[in-house]
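Chemist: Just so it is clear, I am handing over model_30.cif, which has mmCIF, C-alpha atoms.
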data_input
#
loop_
_atom_site.group_PDB
_atom_site.id
_atom_site.type_symbol
_atom_site.label_atom_id
_atom_site.label_comp_id
_atom_site.auth_asym_id
_atom_site.auth_seq_id
_atom_site.Cartn_x
_atom_site.Cartn_y
_atom_site.Cartn_z
ATOM 1 C CA MET A 127 0.000 0.000 0.000
ATOM 2 C CA MET A 128 1.366 3.457 -0.890
ATOM 3 C CA ASP A 129 1.864 6.090 1.796
ATOM 4 C CA ASN A 130 0.276 9.415 0.761
ATOM 5 C CA ASN A 131 2.908 11.392 2.681
ATOM 6 C CA ASP A 132 5.762 10.098 0.532
ATOM 7 C CA GLU A 133 4.502 11.221 -2.856
ATOM 8 C CA LYS A 134 3.109 14.543 -4.004
ATOM 9 C CA GLY A 135 0.231 13.143 -6.018
ATOM 10 C CA PHE A 136 -1.930 15.486 -8.045
ATOM 11 C CA THR A 137 -3.901 18.680 -7.546
ATOM 12 C CA VAL A 138 -7.542 19.121 -8.467
ATOM 13 C CA LYS A 139 -8.524 22.602 -9.673
ATOM 14 C CA ASP A 140 -12.191 23.520 -9.946
ATOM 15 C CA ARG A 141 -12.588 25.176 -13.354
ATOM 16 C CA ARG A 142 -16.319 24.707 -13.679
ATOM 17 C CA THR A 143 -18.340 27.614 -15.006
ATOM 18 C CA PHE A 144 -21.268 26.939 -12.668
ATOM 19 C CA ALA A 145 -21.271 26.829 -8.878
ATOM 20 C CA GLU A 146 -22.941 24.022 -6.899
ATOM 21 C CA ASP A 147 -26.194 25.993 -6.688
ATOM 22 C CA GLY A 148 -26.369 26.322 -10.483
ATOM 23 C CA GLU A 149 -25.403 29.975 -10.618
ATOM 24 C CA ILE A 150 -22.667 31.103 -12.984
ATOM 25 C CA ARG A 151 -19.413 31.440 -11.110
ATOM 26 C CA SER A 152 -17.747 34.767 -11.492
ATOM 27 C CA GLU A 153 -14.381 34.850 -13.219
ATOM 28 C CA SER A 154 -12.881 36.519 -10.159
ATOM 29 C CA SER A 155 -13.863 33.712 -7.766
ATOM 30 C CA ARG A 156 -12.398 31.145 -10.155
ATOM 31 C CA ASN A 157 -9.217 33.197 -10.416
ATOM 32 C CA GLU A 158 -9.029 33.582 -6.625
ATOM 33 C CA ASN A 159 -9.305 29.829 -6.160
ATOM 34 C CA GLU A 160 -6.663 29.208 -8.813
ATOM 35 C CA LYS A 161 -4.367 31.851 -7.314
ATOM 36 C CA ALA A 162 -4.755 30.328 -3.847
ATOM 37 C CA GLU A 163 -3.866 26.896 -5.188
ATOM 38 C CA GLU A 164 -0.874 28.294 -7.093
ATOM 39 C CA ALA A 165 0.342 30.145 -4.007
ATOM 40 C CA LYS A 166 0.035 26.970 -1.938
ATOM 41 C CA GLU A 167 1.958 25.009 -4.557
ATOM 42 C CA ALA A 168 4.631 27.729 -4.841
ATOM 43 C CA SER A 169 5.068 27.757 -1.072
ATOM 44 C CA SER A 170 5.482 23.988 -1.056
ATOM 45 C CA ASN A 171 8.015 24.204 -3.888
ATOM 46 C CA ALA A 172 9.943 26.985 -2.092
ATOM 47 C CA GLU A 173 10.168 24.896 1.078
ATOM 48 C CA SER A 174 11.413 21.932 -0.927
ATOM 49 C CA ASP A 175 13.980 24.096 -2.741
ATOM 50 C CA ALA A 176 15.205 25.583 0.557
ATOM 51 C CA ARG A 177 15.569 22.114 2.055
ATOM 52 C CA GLN A 178 17.533 20.889 -0.980
ATOM 53 C CA GLN A 179 19.787 23.972 -0.911
ATOM 54 C CA ALA A 180 20.488 23.478 2.804
ATOM 55 C CA GLU A 181 21.451 19.872 2.117
ATOM 56 C CA ARG A 182 23.827 20.972 -0.682
ATOM 57 C CA VAL A 183 25.457 23.583 1.570
ATOM 58 C CA THR A 184 25.939 20.983 4.293
ATOM 59 C CA GLU A 185 27.479 18.535 1.834
ATOM 60 C CA ASN A 186 29.843 21.140 0.329
ATOM 61 C CA ALA A 187 30.791 22.818 3.615
ATOM 62 C CA THR A 188 34.477 23.054 4.389
ATOM 63 C CA PRO A 189 35.248 21.099 7.538
ATOM 64 C CA LEU A 190 36.080 23.295 10.500
ATOM 65 C CA PRO A 191 39.610 23.201 11.897
ATOM 66 C CA GLU A 192 40.270 21.223 15.039
ATOM 67 C CA ILE A 193 39.628 23.108 18.242
ATOM 68 C CA ASN A 194 42.444 23.030 20.744
ATOM 69 C CA PHE A 195 43.638 25.343 23.492
ATOM 70 C CA ALA A 196 46.051 27.299 21.285
ATOM 71 C CA SER A 197 43.432 27.937 18.588
ATOM 72 C CA PHE A 198 40.983 29.036 21.277
ATOM 73 C CA ILE A 199 43.479 31.564 22.665
ATOM 74 C CA LEU A 200 44.226 32.827 19.152
ATOM 75 C CA SER A 201 40.482 33.205 18.571
ATOM 76 C CA LEU A 202 40.239 35.390 21.676
ATOM 77 C CA HIS A 203 43.283 37.335 20.424
ATOM 78 C CA THR A 204 41.455 38.034 17.164
ATOM 79 C CA SER A 205 38.423 39.154 19.135
ATOM 80 C CA VAL A 206 40.553 41.736 20.971
ATOM 81 C CA LEU A 207 41.965 42.980 17.664
ATOM 82 C CA PHE A 208 38.389 43.427 16.477
ATOM 83 C CA HIS A 209 37.595 45.501 19.575
ATOM 84 C CA PHE A 210 40.694 47.627 18.984
ATOM 85 C CA GLY A 211 39.218 48.456 15.573
ATOM 86 C CA ASP A 212 41.817 46.568 13.513
ATOM 87 C CA LEU A 213 39.216 44.356 11.823
ATOM 88 C CA LYS A 214 35.992 45.307 10.051
ATOM 89 C CA ASP A 215 32.630 44.049 11.189
ATOM 90 C CA PRO A 216 31.587 41.526 8.501
ATOM 91 C CA ALA A 217 27.977 42.731 8.594
ATOM 92 C CA THR A 218 28.499 46.506 8.489
ATOM 93 C CA LYS A 219 31.949 46.604 6.859
ATOM 94 C CA LYS A 220 32.915 49.240 9.455
ATOM 95 C CA THR A 221 35.515 49.218 12.189
ATOM 96 C CA MET A 222 34.487 49.952 15.748
ATOM 97 C CA ARG A 223 36.638 50.672 18.773
ATOM 98 C CA ASN A 224 35.432 49.181 22.061
ATOM 99 C CA LEU A 225 38.179 49.337 24.707
ATOM 100 C CA PRO A 226 36.067 47.984 27.597
ATOM 101 C CA ALA A 227 35.281 44.854 25.551
ATOM 102 C CA ALA A 228 38.961 44.521 24.600
ATOM 103 C CA LYS A 229 39.986 44.778 28.270
ATOM 104 C CA GLN A 230 37.370 42.233 29.292
ATOM 105 C CA THR A 231 38.663 39.720 26.745
ATOM 106 C CA ILE A 232 42.287 40.331 27.811
ATOM 107 C CA ASP A 233 41.201 39.700 31.414
ATOM 108 C CA LEU A 234 39.482 36.506 30.271
ATOM 109 C CA ILE A 235 42.721 35.269 28.690
ATOM 110 C CA ARG A 236 44.570 36.073 31.945
ATOM 111 C CA LEU A 237 41.907 34.151 33.877
ATOM 112 C CA LEU A 238 42.416 31.159 31.587
ATOM 113 C CA GLN A 239 46.167 31.420 32.138
ATOM 114 C CA ASP A 240 45.679 31.371 35.920
ATOM 115 C CA LYS A 241 43.185 28.502 35.873
ATOM 116 C CA THR A 242 45.250 26.321 33.538
ATOM 117 C CA ARG A 243 48.634 26.948 35.206
ATOM 118 C CA GLY A 244 50.539 23.682 35.404
ATOM 119 C CA ASN A 245 48.218 21.933 32.949
ATOM 120 C CA LEU A 246 49.499 23.389 29.674
ATOM 121 C CA ASP A 247 52.230 22.009 27.478
ATOM 122 C CA GLU A 248 55.191 24.235 26.586
ATOM 123 C CA TYR A 249 53.687 25.408 23.280
ATOM 124 C CA GLU A 250 50.348 26.352 24.849
ATOM 125 C CA GLN A 251 52.071 28.174 27.707
ATOM 126 C CA LYS A 252 54.210 30.167 25.273
ATOM 127 C CA ILE A 253 51.183 31.105 23.128
ATOM 128 C CA ILE A 254 49.186 32.402 26.082
ATOM 129 C CA GLU A 255 52.145 34.375 27.497
ATOM 130 C CA GLU A 256 52.975 36.028 24.174
ATOM 131 C CA VAL A 257 49.352 36.840 23.401
ATOM 132 C CA LEU A 258 48.834 38.395 26.826
ATOM 133 C CA PHE A 259 52.027 40.459 26.600
ATOM 134 C CA GLU A 260 51.158 41.764 23.120
ATOM 135 C CA LEU A 261 47.551 42.587 23.996
ATOM 136 C CA ARG A 262 48.397 44.257 27.308
ATOM 137 C CA MET A 263 50.976 46.517 25.636
ATOM 138 C CA ARG A 264 48.529 47.339 22.890
ATOM 139 C CA TYR A 265 45.791 48.106 25.400
ATOM 140 C CA VAL A 266 48.049 50.592 27.212
ATOM 141 C CA LYS A 267 48.818 52.273 23.891
ATOM 142 C CA GLU A 268 45.143 52.360 22.837
ATOM 143 C CA SER A 269 43.908 53.685 26.178
ATOM 144 C CA LYS A 270 46.332 56.634 25.937
ATOM 145 C CA GLN A 271 44.845 57.592 22.543
ATOM 146 C CA LYS A 272 41.328 58.166 23.871
#
Let's see the structure in the file written out as structure tokens.
Modeler:
Amino acid sequence: MMDNNDEKGFTVKDRRTFAEDGEIRSESSRNENEKAEEAKEASSNAESDARQQAERVTENATPLPEINFASFILSLHTSVLFHFGDLKDPATKKTMRNLPAAKQTIDLIRLLQDKTRGNLDEYEQKIIEEVLFELRMRYVKESKQK
């Protein structure tokens, strides 16, 4: 037995000239019914197209790089550079300077350094130290330019 949910089937359009009561149907009511059916069909097709496009994007998506501690710290570093106004906002294509947000992110990196002390390998320890030194010096410079 066929499942009606799996296949689209067919659409019945009422194109009769006369209504059920025997009166002549107006052209406008026939057109309204046809337009409603077409809109419903177009909506269904748009949903199907959107679903297919989403599947194609997922299939063709570039795999994300591996997340590790060093890449996380470098991501926070980039965030601070954004708040210093070095990088443009992708949505507005404008640079914005937000020193309180930059300071907060620098403090977050310092917090991570304190909480992970003794648990990092040599490479991770060097990354976090160098990033903190660079960002702290830059923050001092930026805060003097207010």
Chemist: Apply the PyMOL selection byres ((chain A and resi 212) around 12) to the structure shown and report the selected residues as a PyMOL selection string.
Modeler: chain A and resi 203-211+213-215+219-224+228+264+268
Chemist: Using the chain letters and numbering of this document, enumerate as a PDB file with C-alpha atoms, in the frame of the given file the residues selected by the PyMOL selection byres ((chain A and resi 236) around 12).
Modeler:
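Written output follows (part23.pdb):
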ATOM      1  CA  ILE A 199      43.479  31.564  22.665  1.00  0.00           C
ATOM      2  CA  LEU A 202      40.239  35.390  21.676  1.00  0.00           C
ATOM      3  CA  HIS A 203      43.283  37.335  20.424  1.00  0.00           C
ATOM      4  CA  LYS A 229      39.986  44.778  28.270  1.00  0.00           C
ATOM      5  CA  GLN A 230      37.370  42.233  29.292  1.00  0.00           C
ATOM      6  CA  THR A 231      38.663  39.720  26.745  1.00  0.00           C
ATOM      7  CA  ILE A 232      42.287  40.331  27.811  1.00  0.00           C
ATOM      8  CA  ASP A 233      41.201  39.700  31.414  1.00  0.00           C
ATOM      9  CA  LEU A 234      39.482  36.506  30.271  1.00  0.00           C
ATOM     10  CA  ILE A 235      42.721  35.269  28.690  1.00  0.00           C
ATOM     11  CA  LEU A 237      41.907  34.151  33.877  1.00  0.00           C
ATOM     12  CA  LEU A 238      42.416  31.159  31.587  1.00  0.00           C
ATOM     13  CA  GLN A 239      46.167  31.420  32.138  1.00  0.00           C
ATOM     14  CA  ASP A 240      45.679  31.371  35.920  1.00  0.00           C
ATOM     15  CA  LYS A 241      43.185  28.502  35.873  1.00  0.00           C
ATOM     16  CA  THR A 242      45.250  26.321  33.538  1.00  0.00           C
ATOM     17  CA  ARG A 243      48.634  26.948  35.206  1.00  0.00           C
ATOM     18  CA  GLN A 251      52.071  28.174  27.707  1.00  0.00           C
ATOM     19  CA  ILE A 254      49.186  32.402  26.082  1.00  0.00           C
ATOM     20  CA  GLU A 255      52.145  34.375  27.497  1.00  0.00           C
ATOM     21  CA  GLU A 256      52.975  36.028  24.174  1.00  0.00           C
ATOM     22  CA  VAL A 257      49.352  36.840  23.401  1.00  0.00           C
ATOM     23  CA  LEU A 258      48.834  38.395  26.826  1.00  0.00           C
ATOM     24  CA  PHE A 259      52.027  40.459  26.600  1.00  0.00           C
ATOM     25  CA  LEU A 261      47.551  42.587  23.996  1.00  0.00           C
ATOM     26  CA  ARG A 262      48.397  44.257  27.308  1.00  0.00           C
TER      27      ARG A 262
END
Chemist: Could you tell me how far atom CA of Lys270 of chain A sits from atom CA of Pro226 of chain A, in Å to one decimal place?
Modeler: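 Here the two named atoms are 13.5 Å from each other.
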Chemist: If you measure from atom CA of Tyr265 of chain A to atom CA of Ala227 of chain A, what distance in Å do you get, rounded to one decimal?
Modeler: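 It comes out at 11.0 Å.
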Chemist: Taking all atoms listed in the file into account, which of A:Glu250, A:Asp140, A:Ala176, A:Pro216 comes nearest Ser197 of chain A?
Modeler: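 Checking each candidate against Ser197 of chain A, we get A:Glu250 as the closest.
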Chemist: Separation of atom CA of Phe195 of chain A and atom CA of Ser269 of chain A, in Å?
Modeler: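 For atom CA of Phe195 of chain A relative to atom CA of Ser269 of chain A, the distance reads 28.5 Å.
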Chemist: Give as a list in words the set of residues within 10 Å of the point (-3.4, 20.3, -8.6), where distances use the file's coordinates and all atoms listed in the file.
Modeler: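 Here the neighbourhood of the point contains Lys134, Gly135, Phe136, Thr137, Val138, Lys139, Asp140, Glu160, Glu163, Glu164 and Glu167 of chain A.
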